Protein chains: 2
Amino acid sequence: METLMKIWIAILIVLPAVVAAQSNPAAQAAREWRLQHERAILDEFVELLAIPNVTSDRENIQRNAVFIMRMMEKRGIAAKLVSTAGASPLVFGELRTPGATRTLLFYAHYDGQPVDATEWTSPPFEPVLRTRQIESGGVAVPLRSTSSSIDPESRLYARSAADDKAPIVALMAAVDAIRAAGLKSKSHIKFLFEGEEESGSPHLEHMLASNKGLFSADLWLVCDGPLYQTRQQSIIFGARGIATFDITVYGARAELHSGHYGNWAPNPALLLARLLSSMKDPENDRVIIEGFYDQVEPLSARERQAVVDAPDIDAALMDELWLGSTEGRPATLNELITRPSLNIRGMASARVGSTATNIIPASATATLDVRLVKKMTVQRTLDVLRAHLRRQGFFVVDAEPTAELRRKHARVARLVLLRGAEAARTSMDLPASQEVISTVESVRGRAVALPTMGGQLPLDAIQRATGAPTIVIPIGNHDNHQHSFNENLRMQNLWDGIELMAALLTMEVPAAR
Amino acid sequence: METLMKIWIAILIVLPAVVAAQSNPAAQAAREWRLQHERAILDEFVELLAIPNVTSDRENIQRNAVFIMRMMEKRGIAAKLVSTAGASPLVFGELRTPGATRTLLFYAHYDGQPVDATEWTSPPFEPVLRTRQIESGGVAVPLRSTSSSIDPESRLYARSAADDKAPIVALMAAVDAIRAAGLKSKSHIKFLFEGEEESGSPHLEHMLASNKGLFSADLWLVCDGPLYQTRQQSIIFGARGIATFDITVYGARAELHSGHYGNWAPNPALLLARLLSSMKDPENDRVIIEGFYDQVEPLSARERQAVVDAPDIDAALMDELWLGSTEGRPATLNELITRPSLNIRGMASARVGSTATNIIPASATATLDVRLVKKMTVQRTLDVLRAHLRRQGFFVVDAEPTAELRRKHARVARLVLLRGAEAARTSMDLPASQEVISTVESVRGRAVALPTMGGQLPLDAIQRATGAPTIVIPIGNHDNHQHSFNENLRMQNLWDGIELMAALLTMEVPAAR
């Protein structure tokens with residue numbers, strides 16, 4: 001199966017992309033530049049990756065921001081840090097283009113997910129180049145080799161190698177390449193590199209809204225996320241939102257002996273199991289919480305077509321993930337991520353296996369995430385969930401219930417909203433959307449354009465604060481171990497990314513709407 | 001509520017018991033002896049409790065056994081240790097009664113539950129006498145006071161103070177008292193003190209069956225467990241069995257991003273929730289696993305009446321445990337523990353609350369216990385549970401499923417039997433049963449006789465190996481913190497226990513059936 005997919009990738013995607021690249025002069029210039037500067041590009045990338053970038057590490061976050069500001073300054077980009085109390089700085093840069101009337105803004109983020117260094121094969125902030133993936137037997141190769149060229153299938157291992165420092169390096173190399181070839185952007189160019197994306201961008205909307213002039217643009221290109229599983233270039237026009245909840249249900253005040261009280265004292269694990277079961281129809285996997293889908297904005301004709309056009313990867317994924325079935329059949333993964341979802345992140349009640357004891361648990365907790373689609377609000381989702389709990393017979397509280405309250409009500413549940421962010425979807429019908437697709441395809445061949453990704457990005461915050469449309473352009477490989485240990489970037493993805501960024505930096509930006 | 005219950009206890013139970021004790025000569029002798037030897041009895045008890053008795057601590061287990069053997073030898077009881085490879089020794093003692101034709105065996109156990117010393121107010125193997133319960137402000141009193149009498153409401157704190165060294169000390173003091181008063185047993189008396197009860201008595205049945213002559217008796221009195229919650233004396237004719245299971249259901253081979261794959265990749269937490277929900281009817285809390293109740297032997301008329309006669313403690317317990325409802329209404333706790341039960345001990349899938357991450361779990365596990373009643377077998381219970389999982393669409397395995405197997409089947413569950421032991425119930429209609437009830441009531445007033453306890457004891461193993469009927473006679477207070485930290489014995493319970501044991505040591509043993 002894996003071999004078949006590789007052949008398919010080679011025929012369908014890589015060859016047309018190689019041919020296509022020739023047709024975009026900026027991409028062509030980027031390729032020539034890159035072929036002669038692979039070592040220098042890699043060196044700068046390694047230096048950036050060696051600065052730890054976990055959001056809570058304020059000192060190193062600041063070092064990252066200053067390093068990126070200097071990367072821009074070296075290239076004559078007017079750069080500065082934009083700070084607000086308690087936030088990681090935004091790194092901002094601007095290249096004015098004489099005579100231009102439009103502005104194109106490139107967004108990426110320099111912070112990374114927290115690391116557990118013990119899980120990593122090599123330390124997360126000591127970048128290592130390996131001949132291929134660790135799982136495929138990749139071995140380390142010296143970073144400072146005498147050979148000037150780098151195997152494009154080799155992988156650079158470090159936290160944020162893919163998510164999301166790669167686009168920063170690709171953009172800077174693309175700026176160098178365009179300048180060296182004497183090419184020019186057709187718009188003003190802005191760069192914005194965030195330092196809190198992995199923490200849910202808590203200050204982004206406020207900082208954008210407080211500096212409207214600085215961050216104004218006709219189009220935001222959000223450079224984040226992975227390519228499509230076939231290695232085709234993806235272009236994503238939206239992101240689902242998210243609402244995360246804890247639900248705790250209660251039994252007796254303490255664990256009770258299951259022999260003495262079993263099947264007399266209510267078992268909160270069973271109550272929780274029933275409650276969770278009541279939320280989705282086992283026949284068709286649809287959420288059956290009343291009102292759950294009420295606010296959903298349906299896909300446009302073009303969006304529906306885009307979903308149909310995306311290569312079907314379900315069978316290959318099922319094989320790779322050891323799955324004998326999927327939910328929501330016959331809908332495909334691509335279709336399902338355009339719908340809202342309800343997922344149990346985790347479930348806990350007392351102990352299992354060898355640490356289990358002969359007790360009835362005192363409480364049971366589940367953490368859920370609801371993935372929102374455009375027009376669904378976090379507040380309304382909380383409301384319909386609370387109403388559902390009530391219909392299931394629970395007295396619903398949002399704090400630890402008192403003894404009195406627990407004695408008074410047959411069933412008590414605590415429902416807490418942990419986090420919320422709304423969805424955004426840029427119309428694929430916009431002239432800017434169509435121009436981005438054609439620019440991308442001029443470099444990377446047939447792309448996979450999708451109306452939304454399944455995950456969350458702060459697109460809604462950006463759109464609300466700036467009014468600009470957002471389009472997501474990823475460059476990382478899909479198998480980059482994003483958010484996990486042994487994160488890595490396939491070198492060819494970086495090279496392709498530089499060509500893609502060069503093309504986008506020089507594209508024509510049509511009127512926004 | 002607590003005050004009300006105390007008054008009720010005083011009027012209903014304690015006064016009649018005080019009066020009743022006068023009517024049994026052995027109990028009367030025991031009281032006189034005890035009043036003059038409280039300090040000596042306590043000293044011997046404290047010395048026994050100071051020897052750690054966790055089963056895995058082989059050296060101290062041996063010290064306990066030898067100490068108890070010496071306690072018997074001091075009293076002229078022929079005593080010895082019975083050992084087998086890998087087992088804690090059984091401590092055996094025998095008092096022959098010239099001319100007697102029947103044999104009465106007293107069982108207790110000298111091992112205790114494991115301890116986490118950090119949870120204890122004072123170290124578990126350094127006995128401390130406190131004026132009352134710690135929760136009620138009890139303070140330590142010197143163990144070697146000059147005063148000869150001991151406050152009967154004071155509590156002795158140590159592991160196994162109640163469960164189950166108290167009966168050993170009570171029996172030995174009763175032997176002293178009977179002898180001092182010139183009274184005689186009417187039967188041969190045997191003592192058997194086990195050292196592995198808290199580990200599920202893994203060698204007991206084998207050791208009994210291998211020494212049939214030594215352990216033969218017409219009746220076993222199993223001295224273990226607590227009194228009834230009203231402080232009335234309880235007499236229990238059986239114990240439920242137990243079968244403990246782990247059920248694990250599977251999703252993808254690893255945790256998946258809930259945004260990218262949510263509601264496409266099956267969620268094992270939801271699958272487990274549905275599976276658990278399918279096992280009990282939410283309307284009446286009955287187990288709806290096909291065949292679950294098929295083997296159940298119904299209660300006899302006398303057993304049913306005994307359940308009806310037992311004081312209803314449900315309302316007081318609900319208040320104490322902060323419960324707003326119970327399962328299986330309108331049945332009471334006493335009725336429900338005569339039925340088989342199915343309980344979720346614990347449930348786990350990925351993480352919840354602040355440690356939850358945006359993933360779909362890779363697996364979900366629940367540990368269940370089924371409490372068996374008479375005639376239900378462990379094997380058949382495993383079989384009906386396995387069949388139920390299959391009817392719910394799972395391919396059932398008993399080991400970690402392979403990738404191939406998981407790809408091939410839509411749903412895979414692993415079902416593992418962790419532990420099994422069957423139930424036993426001695427008929428309350430036996431002449432021996434009726435004689436025990438009347439002897440107990442002659443000392444302790446109106447007793448609560450119940451056909452079975454909810455928990456498990458090795459009664460089935462004893463009955464299978466020896467053919468003798470078993471009756472459970474507890475002496476510990478119900479609020480003794482058995483199996484938990486700060487285990488304690490109320491001193492009055494020890495004094496009452498000595499009188500009770502004296503009466504039982506001198507009772508007439510009728511023909512077994």
# chains A, B, ... in the order shown; residues from 1 in each chain; ligands from 1
$ select_by_dssp --residues "region 60-175 of chain B" --states "alpha helix (DSSP H)" --output "list of chain:residue names"
B:Asn60, B:Ile61, B:Gln62, B:Arg63, B:Asn64, B:Ala65, B:Val66, B:Phe67, B:Ile68, B:Met69, B:Arg70, B:Met71, B:Met72, B:Glu73, B:Lys74, B:Ala166, B:Pro167, B:Ile168, B:Val169, B:Ala170, B:Leu171, B:Met172, B:Ala173, B:Ala174, B:Val175
$ interface_residues --of "chain A" --to "chain B" --cutoff "6 Å" --atoms "only C-alpha atoms" --output "compact mmCIF listing (two decimals) with C-alpha atoms, in the first residue's frame"
# COMPACT_ATOMS: atom_id res chain seq x y z
CA ALA A 252 -21.14 9.17 46.59
CA ARG A 253 -18.88 11.60 48.47
CA GLY A 259 -19.38 -5.46 47.35
CA HIS A 260 -21.15 -3.58 50.10
CA ASN A 263 -25.68 -1.42 42.36
CA TRP A 264 -27.17 0.58 45.21
CA ALA A 265 -24.92 3.64 45.16
CA PRO A 266 -25.11 5.22 41.69
CA ALA A 273 -21.10 6.45 29.78
CA ARG A 274 -24.86 6.87 29.30
CA SER A 277 -23.75 7.70 24.49
CA LEU A 321 -3.89 3.82 11.12
CA TRP A 322 -5.00 0.17 11.60
CA LEU A 323 -8.65 1.06 11.25
CA GLY A 324 -11.30 -1.47 10.32
CA SER A 325 -14.04 1.15 10.11
CA THR A 326 -14.66 4.87 10.13
CA GLU A 327 -17.45 7.04 11.47
CA LEU A 333 -12.71 12.41 5.73
CA SER A 341 -17.82 17.30 15.21
CA ARG A 345 -10.66 13.73 24.21
CA GLY A 346 -10.44 11.64 27.33
CA MET A 347 -12.40 9.93 30.01
CA ALA A 348 -11.41 9.11 33.60
CA SER A 349 -13.01 7.52 36.60
CA ALA A 350 -11.04 5.92 39.45
CA ARG A 351 -8.47 3.39 38.16
CA VAL A 352 -8.32 0.49 35.72
CA ILE A 359 -14.75 0.27 44.56
CA ILE A 360 -17.54 2.31 43.06
CA THR A 367 -13.18 16.16 28.31
CA ALA A 403 -22.96 18.22 49.74
CA ARG A 406 -25.71 16.51 45.80
CA ARG A 407 -28.14 15.23 48.42
CA LYS A 408 -30.95 17.21 46.84
CA HIS A 409 -30.59 16.13 43.20
CA ALA A 410 -30.68 12.61 41.83
CA GLY A 454 -10.43 20.20 10.38
CA GLY A 455 -8.24 21.85 12.99
$ residues_around --residues "Asp176 (chain A)" --least-positions-apart "6" --cutoff "9 Å" --atoms "only C-alpha atoms" --output "PyMOL selection string"
chain A and resi 30+33+75
$ atom_distance --atom1 "CA of Ser442 (chain B)" --atom2 "CA of Pro25 (chain B)"
9.9 Å
$ residues_around --residues "Asn480 (chain A)" --least-positions-apart "3" --cutoff "8 Å" --atoms "only C-alpha atoms" --output "tab-separated table (two decimals) with C-alpha atoms, in the first residue's frame"
chain	number	residue	atom	x	y	z
A	162	ALA	CA	7.74	22.02	10.27
A	226	PRO	CA	0.97	20.29	6.48
A	476	GLY	CA	5.41	21.08	5.72
A	477	ASN	CA	5.22	17.38	4.89
A	487	GLU	CA	8.94	16.65	14.65
A	488	ASN	CA	10.72	16.91	11.32
A	489	LEU	CA	10.75	18.64	7.96
A	490	ARG	CA	11.49	16.86	4.69
$ closest_residue --among "A:Leu81, A:Ala87, A:Ile178, A:Leu35" --to "Asp151 (chain A)" --atoms "only C-alpha atoms"
A:Leu35
$ residues_around --residues "Glu297 (chain B)" --least-positions-apart "3" --cutoff "12 Å" --atoms "only C-alpha atoms" --output "list in words"
Tyr293, Asp294, Ser300, Glu303, Thr338, Arg339, Pro340, Leu372, Val373, Lys374, Lys375, Met376, Thr377, Ala423, Ala424, Arg425 and Ser427 of chain B
$ closest_residue --among "A:Phe125, A:Phe394, A:Trp495, A:Tyr228" --to "Ile41 (chain A)" --atoms "only C-alpha atoms"
A:Trp495
$ residues_around --residues "Arg391 (chain A)" --least-positions-apart "4" --cutoff "10 Å" --atoms "only C-alpha atoms" --output "ChimeraX atom specification"
/A:289-290,385-387,395
$ residues_around --residues "Glu38 (chain B)" --least-positions-apart "4" --cutoff "9 Å" --atoms "only C-alpha atoms" --output "list in words"
Trp33, Arg34, Leu42, Asp43, Ser148, Ser149, Ile150 and Trp495 of chain B
$ select_by_dssp --residues "region 142-211 of chain B" --states "strand (DSSP E or B)" --output "ChimeraX atom specification"
/B:155-157,188-194
$ write_last_selection --atoms "N, CA, C and O atoms" --output "short mmCIF file (atom, residue, chain, number, x, y, z; two decimals), in the first residue's frame"
data_model
loop_
_atom_site.label_atom_id
_atom_site.label_comp_id
_atom_site.auth_asym_id
_atom_site.auth_seq_id
_atom_site.Cartn_x
_atom_site.Cartn_y
_atom_site.Cartn_z
N ARG B 155 -10.93 4.18 70.88
CA ARG B 155 -10.66 3.39 69.67
C ARG B 155 -9.18 3.06 69.58
O ARG B 155 -8.33 3.92 69.79
N LEU B 156 -8.91 1.82 69.23
CA LEU B 156 -7.53 1.40 69.03
C LEU B 156 -7.22 1.48 67.54
O LEU B 156 -7.86 0.81 66.72
N TYR B 157 -6.23 2.31 67.19
CA TYR B 157 -5.87 2.54 65.79
C TYR B 157 -4.65 1.69 65.41
O TYR B 157 -3.60 1.79 66.03
N HIS B 188 -15.65 -30.36 70.35
CA HIS B 188 -14.23 -30.09 70.11
C HIS B 188 -14.15 -28.70 69.44
O HIS B 188 -15.01 -28.34 68.64
N ILE B 189 -13.10 -27.98 69.79
CA ILE B 189 -12.94 -26.63 69.24
C ILE B 189 -11.67 -26.58 68.40
O ILE B 189 -10.61 -27.06 68.84
N LYS B 190 -11.80 -26.05 67.20
CA LYS B 190 -10.60 -25.83 66.37
C LYS B 190 -10.49 -24.34 66.03
O LYS B 190 -11.51 -23.64 65.92
N PHE B 191 -9.26 -23.90 65.88
CA PHE B 191 -8.99 -22.53 65.47
C PHE B 191 -8.16 -22.55 64.19
O PHE B 191 -7.19 -23.33 64.10
N LEU B 192 -8.53 -21.73 63.25
CA LEU B 192 -7.74 -21.64 62.03
C LEU B 192 -7.59 -20.17 61.66
O LEU B 192 -8.57 -19.47 61.39
N PHE B 193 -6.32 -19.70 61.68
CA PHE B 193 -6.06 -18.31 61.37
C PHE B 193 -5.24 -18.24 60.08
O PHE B 193 -4.10 -18.71 60.03
N GLU B 194 -5.84 -17.64 59.06
CA GLU B 194 -5.23 -17.60 57.73
C GLU B 194 -4.34 -16.36 57.57
O GLU B 194 -4.57 -15.35 58.25
#
